[in-house]
Structures are given as structure tokens and as C-alpha cells.
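Source file: my_file-v1.tsv; contents: TSV, C-alpha atoms.
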```
chain	number	residue	atom	x	y	z
A	1	MET	CA	72.71	150.44	3.41
A	2	LYS	CA	70.66	147.51	4.70
A	3	ILE	CA	67.32	146.80	2.99
A	4	GLY	CA	64.47	145.10	4.83
A	5	GLY	CA	60.75	144.49	4.64
A	6	ARG	CA	57.79	145.19	6.89
A	7	ALA	CA	56.51	142.03	8.58
A	8	HIS	CA	53.01	141.99	10.07
A	9	SER	CA	53.07	138.22	10.63
A	10	LEU	CA	55.37	135.23	10.95
A	11	LYS	CA	54.51	134.39	7.34
A	12	ASP	CA	55.85	137.80	6.31
A	13	VAL	CA	59.08	137.16	8.22
A	14	GLU	CA	59.46	133.82	6.46
A	15	TYR	CA	59.00	135.48	3.06
A	16	ILE	CA	61.51	138.22	3.87
A	17	GLY	CA	64.03	135.59	4.91
A	18	LYS	CA	63.48	133.52	1.77
A	19	ILE	CA	64.05	136.42	-0.63
A	20	GLY	CA	67.25	137.35	1.14
A	21	LEU	CA	66.56	140.79	2.61
A	22	ASP	CA	68.79	142.00	5.42
A	23	PHE	CA	66.16	142.38	8.11
A	24	ALA	CA	62.47	142.24	8.97
A	25	GLU	CA	60.69	145.10	10.70
A	26	ILE	CA	58.22	143.25	12.90
A	27	SER	CA	55.11	144.64	14.59
A	28	LEU	CA	55.23	144.72	18.39
A	29	LEU	CA	51.71	145.62	19.49
A	30	ASP	CA	50.84	143.73	22.68
A	31	PRO	CA	53.42	142.70	25.31
A	32	VAL	CA	51.39	139.65	26.40
A	33	LYS	CA	50.30	138.30	23.02
A	34	ASP	CA	53.58	139.09	21.27
A	35	ARG	CA	55.51	137.12	23.88
A	36	LEU	CA	53.88	133.99	22.44
A	37	ASN	CA	55.66	134.71	19.14
A	38	MET	CA	59.11	134.87	20.73
A	39	PRO	CA	60.10	131.23	19.99
A	40	PRO	CA	59.08	131.26	16.29
A	41	TRP	CA	60.60	134.73	15.80
A	42	LYS	CA	63.89	133.45	17.19
A	43	THR	CA	63.68	130.28	15.08
A	44	LEU	CA	63.20	132.30	11.87
A	45	GLN	CA	65.93	134.72	12.91
A	46	ASP	CA	68.40	131.86	13.25
A	47	LYS	CA	67.17	130.05	10.12
A	48	TYR	CA	67.65	133.03	7.80
A	49	GLN	CA	70.27	134.96	9.78
A	50	LEU	CA	67.87	137.90	9.87
A	51	ASP	CA	68.16	141.02	11.95
A	52	TYR	CA	64.98	142.47	13.42
A	53	LEU	CA	63.79	146.02	13.82
A	54	ALA	CA	60.42	146.79	15.41
A	55	HIS	CA	57.38	148.98	14.86
A	56	GLY	CA	55.41	149.77	18.00
A	57	VAL	CA	51.72	150.03	18.76
A	58	LYS	CA	49.74	153.05	17.53
A	59	GLU	CA	49.17	155.78	20.09
A	60	GLY	CA	45.37	155.71	19.96
A	61	ASN	CA	43.63	159.05	20.44
A	62	PRO	CA	46.46	161.55	19.78
A	63	TRP	CA	44.72	164.32	21.74
A	64	GLU	CA	44.07	162.38	24.97
A	65	LEU	CA	47.05	162.71	27.32
A	66	ASN	CA	45.46	160.62	30.06
A	67	ASN	CA	45.14	157.67	27.66
A	68	LEU	CA	48.70	158.13	26.45
A	69	GLN	CA	50.05	158.21	30.00
A	70	LYS	CA	48.01	155.36	31.48
A	71	ILE	CA	47.59	152.99	28.52
A	72	PHE	CA	50.01	153.71	25.67
A	73	SER	CA	53.09	154.36	27.82
A	74	PRO	CA	52.90	151.13	29.91
A	75	ILE	CA	52.28	149.09	26.75
A	76	MET	CA	55.30	150.68	25.09
A	77	LYS	CA	57.51	149.88	28.08
A	78	GLY	CA	56.45	146.24	27.81
A	79	LEU	CA	57.23	146.27	24.09
A	80	ILE	CA	60.66	147.83	24.75
A	81	ASP	CA	61.32	144.92	27.12
A	82	LEU	CA	60.40	142.45	24.35
A	83	ALA	CA	62.60	144.29	21.86
A	84	HIS	CA	65.51	143.98	24.27
A	85	GLU	CA	64.92	140.23	24.65
A	86	LEU	CA	64.92	139.82	20.85
A	87	SER	CA	68.13	141.88	20.51
A	88	ILE	CA	66.19	144.55	18.62
A	89	GLY	CA	68.03	147.83	18.87
A	90	LEU	CA	65.47	150.15	17.24
A	91	ILE	CA	61.73	150.58	17.55
A	92	THR	CA	59.71	153.06	15.48
A	93	ILE	CA	56.59	154.70	16.88
A	94	HIS	CA	53.81	157.02	15.70
A	95	PHE	CA	53.33	160.01	18.04
A	96	TRP	CA	51.59	162.80	16.16
A	97	LEU	CA	53.04	166.28	16.81
A	98	ASP	CA	51.59	168.32	13.93
A	99	HIS	CA	50.96	171.83	15.28
A	100	ARG	CA	48.15	172.31	12.74
A	101	PHE	CA	46.06	169.70	14.53
A	102	ILE	CA	47.48	169.21	18.05
A	103	GLN	CA	47.22	171.96	20.68
A	104	PRO	CA	50.52	173.30	22.13
A	105	GLU	CA	49.75	172.14	25.70
A	106	THR	CA	49.00	168.65	24.41
A	107	ILE	CA	52.26	168.60	22.44
A	108	LEU	CA	54.20	169.59	25.58
A	109	GLY	CA	52.55	166.73	27.47
A	110	LYS	CA	53.34	164.28	24.68
A	111	ILE	CA	56.97	165.38	24.67
A	112	GLU	CA	57.20	164.60	28.40
A	113	ILE	CA	55.82	161.12	27.74
A	114	LEU	CA	58.35	160.63	24.95
A	115	LYS	CA	61.19	161.71	27.23
A	116	ARG	CA	60.26	159.11	29.85
A	117	LEU	CA	59.95	156.39	27.21
A	118	VAL	CA	63.30	157.28	25.62
A	119	ASP	CA	64.98	157.29	29.03
A	120	TYR	CA	63.51	153.85	29.78
A	121	ALA	CA	64.48	152.48	26.37
A	122	ASP	CA	68.03	153.69	26.93
A	123	THR	CA	68.31	151.37	29.95
A	124	LYS	CA	67.44	148.48	27.60
A	125	ARG	CA	69.81	149.65	24.84
A	126	VAL	CA	66.87	150.29	22.49
A	127	ILE	CA	66.62	153.41	20.32
A	128	ILE	CA	63.17	154.97	19.90
A	129	CYS	CA	62.58	156.56	16.50
A	130	LEU	CA	59.71	158.98	15.94
A	131	GLU	CA	58.11	158.48	12.53
A	132	ASN	CA	56.89	161.53	10.64
A	133	MET	CA	53.19	161.48	9.88
A	134	SER	CA	52.00	164.82	8.47
A	135	GLU	CA	54.54	166.94	10.36
A	136	TRP	CA	56.77	169.55	8.76
A	137	GLY	CA	60.29	170.30	9.96
A	138	ASP	CA	59.31	172.92	12.56
A	139	ASP	CA	57.02	170.43	14.30
A	140	PHE	CA	60.06	168.43	15.43
A	141	THR	CA	62.26	171.31	16.61
A	142	TRP	CA	61.20	171.36	20.26
A	143	VAL	CA	60.93	167.59	20.74
A	144	PHE	CA	64.46	167.00	19.41
A	145	GLN	CA	65.83	169.81	21.57
A	146	THR	CA	64.06	168.44	24.65
A	147	VAL	CA	64.70	164.72	24.13
A	148	PRO	CA	68.33	164.28	23.02
A	149	GLY	CA	68.08	160.49	22.76
A	150	LEU	CA	65.10	160.51	20.41
A	151	ARG	CA	65.77	159.66	16.76
A	152	LEU	CA	63.84	160.00	13.49
A	153	THR	CA	62.35	157.41	11.16
A	154	LEU	CA	61.80	159.15	7.83
A	155	ASP	CA	58.64	157.88	6.14
A	156	VAL	CA	58.89	159.05	2.53
A	157	GLY	CA	55.31	158.08	1.74
A	158	HIS	CA	53.91	160.10	4.63
A	159	GLY	CA	56.00	163.05	3.47
A	160	GLU	CA	53.84	163.30	0.33
A	161	LEU	CA	50.63	163.87	2.32
A	162	LEU	CA	49.20	167.18	3.55
A	163	SER	CA	52.10	169.09	2.04
A	164	PRO	CA	52.64	170.94	-1.28
A	165	ILE	CA	56.08	169.30	-1.56
A	166	ASN	CA	57.28	166.06	-0.02
A	167	THR	CA	58.57	166.88	3.47
A	168	SER	CA	61.37	164.32	3.12
A	169	TYR	CA	63.59	166.95	1.53
A	170	GLU	CA	63.33	169.25	4.55
A	171	LEU	CA	63.54	166.47	7.13
A	172	ILE	CA	66.66	164.96	5.56
A	173	THR	CA	68.35	168.36	5.37
A	174	ARG	CA	67.41	169.59	8.85
A	175	TYR	CA	67.67	166.38	10.84
A	176	THR	CA	70.49	164.42	9.23
A	177	ALA	CA	72.06	163.72	12.62
A	178	ARG	CA	68.77	162.37	14.02
A	179	LEU	CA	67.91	160.13	11.08
A	180	CYS	CA	68.28	156.46	12.00
A	181	HIS	CA	65.79	154.63	9.79
A	182	VAL	CA	63.75	155.09	6.59
A	183	HIS	CA	60.39	153.75	5.35
A	184	ILE	CA	59.55	153.86	1.64
A	185	HIS	CA	56.21	153.29	-0.09
A	186	ASP	CA	54.35	155.14	-2.80
A	187	ASN	CA	51.12	157.13	-3.07
A	188	ASN	CA	49.57	159.97	-5.09
A	189	GLY	CA	49.57	162.62	-2.39
A	190	GLY	CA	46.37	163.83	-0.75
A	191	ASN	CA	44.90	165.13	2.48
A	192	ARG	CA	43.10	162.11	3.93
A	193	VAL	CA	44.08	159.04	5.90
A	194	GLU	CA	42.75	157.01	2.98
A	195	ASP	CA	45.38	158.59	0.71
A	196	ASP	CA	48.17	156.79	2.60
A	197	LEU	CA	48.05	153.95	0.06
A	198	HIS	CA	51.36	152.15	0.71
A	199	LEU	CA	51.78	151.32	-2.97
A	200	PRO	CA	54.84	149.63	-4.51
A	201	LEU	CA	57.43	152.09	-5.79
A	202	GLY	CA	56.51	153.47	-9.20
A	203	GLN	CA	52.76	153.01	-8.80
A	204	GLY	CA	52.30	156.48	-7.33
A	205	SER	CA	53.68	159.95	-7.96
A	206	ILE	CA	56.55	160.26	-5.46
A	207	ASP	CA	59.91	161.28	-6.93
A	208	PHE	CA	61.97	158.60	-5.21
A	209	TYR	CA	65.03	159.22	-7.35
A	210	SER	CA	65.48	162.76	-6.07
A	211	ILE	CA	64.68	161.90	-2.47
A	212	LEU	CA	66.97	158.86	-2.32
A	213	LYS	CA	69.70	160.84	-4.06
A	214	LEU	CA	69.47	163.52	-1.36
A	215	LEU	CA	69.50	160.79	1.28
A	216	GLN	CA	72.67	159.34	-0.23
A	217	THR	CA	74.30	162.77	-0.49
A	218	SER	CA	73.52	163.41	3.19
A	219	GLY	CA	75.70	160.42	4.06
A	220	TYR	CA	72.87	158.20	5.27
A	221	ASP	CA	73.95	154.55	5.25
A	222	ARG	CA	71.76	152.71	7.76
A	223	THR	CA	68.49	150.79	7.32
A	224	LEU	CA	65.58	151.15	4.89
A	225	THR	CA	62.29	149.28	5.10
A	226	MET	CA	60.17	148.55	2.03
A	227	GLU	CA	56.60	149.08	3.24
```
Have the structure of the file written as C-alpha cells, please.
Amino acid sequence: MKIGGRAHSLKDVEYIGKIGLDFAEISLLDPVKDRLNMPPWKTLQDKYQLDYLAHGVKEGNPWELNNLQKIFSPIMKGLIDLAHELSIGLITIHFWLDHRFIQPETILGKIEILKRLVDYADTKRVIICLENMSEWGDDFTWVFQTVPGLRLTLDVGHGELLSPINTSYELITRYTARLCHVHIHDNNGGNRVEDDLHLPLGQGSIDFYSILKLLQTSGYDRTLTME
């Protein structure tokens, strides 16, 4: 398994390279502004022999399909282009599909947007991974059936929120074949956005031993980002 760190800045990438992690997961948020970082990103990549993964822009209002179609989707296509130029093969995105909060017709529209993005990313040899937010296993059933090329980023910290038991156990078991990347960070559970604390491991209440053991037993041996 390859271990990396989340990099929100060039300084973060430098630190990740210095401590010898395998890769940096960089933020790609704006196709125009991020293009200015291409030369220093490539310099640091060569200097430390780092691989890059990417985390895309947030979706904005998760209920507004018009915004997602006209603003989010074009931005994501530009970011997929940048990922291709940086030889980044995987980009993680947030695209909330929790049936407790998103209406079925909105979810169907969002799945269509995802399908078009995944098809476009495939032409650039970039994998799109959907990161779990508050979703349970059933929330992903239809999207994975409808979009065969879509993959899963398991966020263990998010799995502790809005659920009586960490959803990582169910997601690992049900979607082993879709799992392409993992995020780990700690928290104390909760039901609010503010409870997503992104603490160092051991400073919250998540049972990482059991979850990582299940991950290992499932045969997962890809990439893991310390967030």
C-alpha cells in the first residue's frame, strides 16, 4: 500500500516530499489559477520523485442541478485536463447522494452529470472516485450500477458521521471492487458539518484498527491519504 498526504499548497507538497511519503494528493480547484502552479508542481514532483493524486473542487449547492450542469461540470472537465497533463490518474470528488437529504429526481440528475464526467475522464485516462460523505451503502447502489467507470474513495472519518456505526465497514464489504482510494482522519462522531474535525489518528474515537484490518482482509493494496 502507498501512503500519502493531503496537500493544499506547494508548501504542503514540499513537506510531504521531505518526509518521504509516496505521493501528495493535491487540490485542483480552478483550471485557470491552478495552471499557474504547473511548473512548481512538476519541479517538486521531479525533486522528490513524488506521485500525485488529485482532489477536485466542491460541488457547491448539492440540490441545484442547473448550477452543477453549467458551473461545476465545466470546471471539473478543465481540472480533468490538468490532471492528465500532470500524469495524475485519479481524482476524488464530493458529490452528495444521501437519500435522506437529496430528492430522488435530483439524485437521478446528478448521476447523469457523473456519467458524462466519467466518460470524459476516461478519454484522458483519469479515474474519477466518488468520496463518501454521509451516505450509507444503499445510497451508492444505483450510481455504481449506472456508471460502470466510477470508483469509490473511502473516507473513514466521514463514515463516523451521521451513522450509529462507521459506514466504512459496510462500504468496504459491499464495494470492494469499486474501492480505489482511502482517506483517513479522526473525529468523535456527530451530526454536524462542524463535527468533521480531521484530527490526527488517535485523537478521536474511530476504531482504526478494526477498519484497517477489514480493509487489509478485503485485499485492498492501493493508496491511502493521511488527511
### Message
If I take atom CA of A:Trp41 and atom CA of A:Glu59, how far is one from the other in Å, to one decimal?
### Response
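Going from atom CA of A:Trp41 over to atom CA of A:Glu59, I get 24.3 Å.
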### Task
Would you kindly return, as number ranges by chain, each protein, DNA or RNA residue with an atom no farther than 7 Å from any atom of A:Asn132, considering all atoms listed in the file and excluding same-chain residues fewer than 6 positions away?
A: 153-155, 158
### Message
When you count all atoms listed in the file, which of these residues is closest to A:Glu170: A:Leu108, A:Ile184, A:Ile211, A:Val57?
### Response
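Selected residue with least distance to A:Glu170: A:Ile211.
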Sorted by chain and rising residue number, which residues of stretch 91-170 of chain A lie within 12 Å of stretch 193-201 of chain A, and what are their closest atom pairs and distances in Å to one decimal, counting all atoms listed in the file, as JSON lines?
```
{"residue": "A:Met133", "atom": "CA", "partner": "A:Asp196", "partner_atom": "CA", "distance": 10.0}
{"residue": "A:Ser134", "atom": "CA", "partner": "A:Val193", "partner_atom": "CA", "distance": 10.1}
{"residue": "A:Asp155", "atom": "CA", "partner": "A:His198", "partner_atom": "CA", "distance": 10.7}
{"residue": "A:Val156", "atom": "CA", "partner": "A:His198", "partner_atom": "CA", "distance": 10.4}
{"residue": "A:Gly157", "atom": "CA", "partner": "A:His198", "partner_atom": "CA", "distance": 7.2}
{"residue": "A:His158", "atom": "CA", "partner": "A:Asp196", "partner_atom": "CA", "distance": 6.9}
{"residue": "A:Gly159", "atom": "CA", "partner": "A:Asp196", "partner_atom": "CA", "distance": 10.1}
{"residue": "A:Glu160", "atom": "CA", "partner": "A:Asp196", "partner_atom": "CA", "distance": 8.9}
{"residue": "A:Leu161", "atom": "CA", "partner": "A:Asp196", "partner_atom": "CA", "distance": 7.5}
{"residue": "A:Leu162", "atom": "CA", "partner": "A:Asp195", "partner_atom": "CA", "distance": 9.8}
```
### Task
With a distance cut-off of 10 Å and all atoms listed in the file, select the neighbouring residues of A:Asp22, excluding the residue or stretch itself and same-chain residues fewer than 3 positions from it, and output the selection as a ChimeraX atom specification.
/A:1-5,16-17,19,48-52,223-225
### Task
For a cut-off of 6 Å around (60.7, 145.2, 19.5), file coordinates, pick out all residues using only C-alpha atoms and list them as a list in words.
Leu28, Ala54, Leu79, Ile80, Leu82, Ala83, Ile88 and Ile91 of chain A
### Which of A:Leu212, A:Leu90, A:Leu10, A:Leu97 sits closest to A:Trp63 [using only C-alpha atoms]
A:Leu97
#### Entry: Shell of 9 Å around A:Ile75, only C-alpha atoms, local chain residues under 6 positions omitted, as a list in words
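Everything that qualifies: Leu29, Asp30, Pro31 and Val57 of chain A.
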### Task
Would you be able to write out as a ChimeraX atom specification which residues have an atom within 6 Å of (67.5, 163.9, 3.0) in the file's coordinates, counting only C-alpha atoms?
/A:169,172-173,214-215
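Minimum atom-to-atom distance to A:Lys124, evaluated using all atoms listed in the file, belongs to A:Leu86 out of A:Val32, A:Leu86, A:Ile93, A:Ile102.
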### Query
Between atom CA of A:Ser87 and atom CA of A:Phe144, what is the distance, to one decimal in Å?
25.4 Å
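Going from atom CA of A:Val182 over to atom CA of A:Glu25, you cover 11.2 Å.
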### Top pick for closest residue to A:Arg125, considering A:Ala177, A:Ser205, A:His84, A:Asn66 and counting all atoms listed in the file
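When distances to A:Arg125 are compared using all atoms listed in the file, the smallest one comes from A:His84.
In terms of minimum interatomic distance to A:Glu64, A:Lys110 ranks closest within A:His94, A:His8, A:Lys110, A:Lys115, counting all atoms listed in the file.
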